[in-house]
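Peer 1: Please find one structure pasted underneath; my questions will follow.
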Amino acid sequence: MADSTLWWLAAGGLVAAELVTGTFYLLMMALGLAAAAVSAHLGLALTGQWVTAALAGGGSVLAWRLLKKSQPAAAPANANQDVNLDIGETVQVDSFHNDGTCSVFYRGARWDAALAPGEATTPGRYTIVEVVGSRLILKTIRTSTSGA
């Protein structure tokens with residue numbers, strides 16, 4: 001069996017393992033094995049094929065890791081708008097209880113709400129920044145004053 005066929009089979013095996021486990025790094029390693037298969041088709045010696053597999057697979061893993069590290073960390077689920085569609089919505093607060101909490105009407109029902117740390121208990125419009133259990137965490141809506 002030709003070297004290229006073995007490399008292609010190994011790459012296919014890693015792709016199958018990636019589909020089962022969901023480990024994206026296996027896909028990057030499969031890319032390295034596919035590069036080795038191409039180098040075998042081009043007539044590189046076995047040592048060159050191994051070096052190609054190591055450089056392409058290892059390089060793609062390293063590049064992916066650096067890319068992931070350069071991106072900001074995702075917010076926790078209770079404060080992530082991609083997970084909880086209530087984040088970023090606005091509510092009207094008419095009054096606060098003595099303990100600093102309030103009750104707001106949102107999505108057709110009454111919700112308990114509390115202010116994020118550092119917020120003043122002033123009636124007005126607030127933005128939902130987090131949902132903890134069934135309690136909304138609110139922040140004051142900041143209005144920008146630009147002199148245009």
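We name chains A, B, ... following the order of the structure tokens; residues begin at 1 in each chain, and ligands are numbered from 1 as shown.
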If you count only C-alpha atoms, which residues fall within 8 Å of A:Leu27, apart from same-chain ones fewer than 4 positions away, as a ChimeraX atom specification?
Peer 2: /A:14-15,18,23,31
Peer 1: Using the chain letters and numbers from this document, which residues of chain A does DSSP assign to strand (DSSP E), as number ranges by chain?
Peer 2: A: 90-93, 102-106, 109-115, 124-132, 135-140
Peer 1: Skip A:Gly124 itself and residues of its chain fewer than 5 positions away, then list as a PyMOL selection string all residues within 7 Å of it, counting only C-alpha atoms.
Peer 2: chain A and resi 92-94
Peer 1: Hey, which of A:Glu130, A:Val104, A:Tyr25, A:Ala11 ends up closest to A:Asn84? Count only C-alpha atoms.
Peer 2: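 Smallest distance to A:Asn84 is found for A:Glu130.
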Peer 1: Show which residues sit within 9 Å of A:Ala56, as a PyMOL selection string. Count only C-alpha atoms, and ignore same-chain residues fewer than 3 positions away.
Peer 2: chain A and resi 28-29+31-36+51-53+59-61
Peer 1: Hey, what does DSSP flag as alpha helix (DSSP H) within chain A? Can you give it to me as a ChimeraX atom specification?
Peer 2: /A:3-21,24-41,46-70
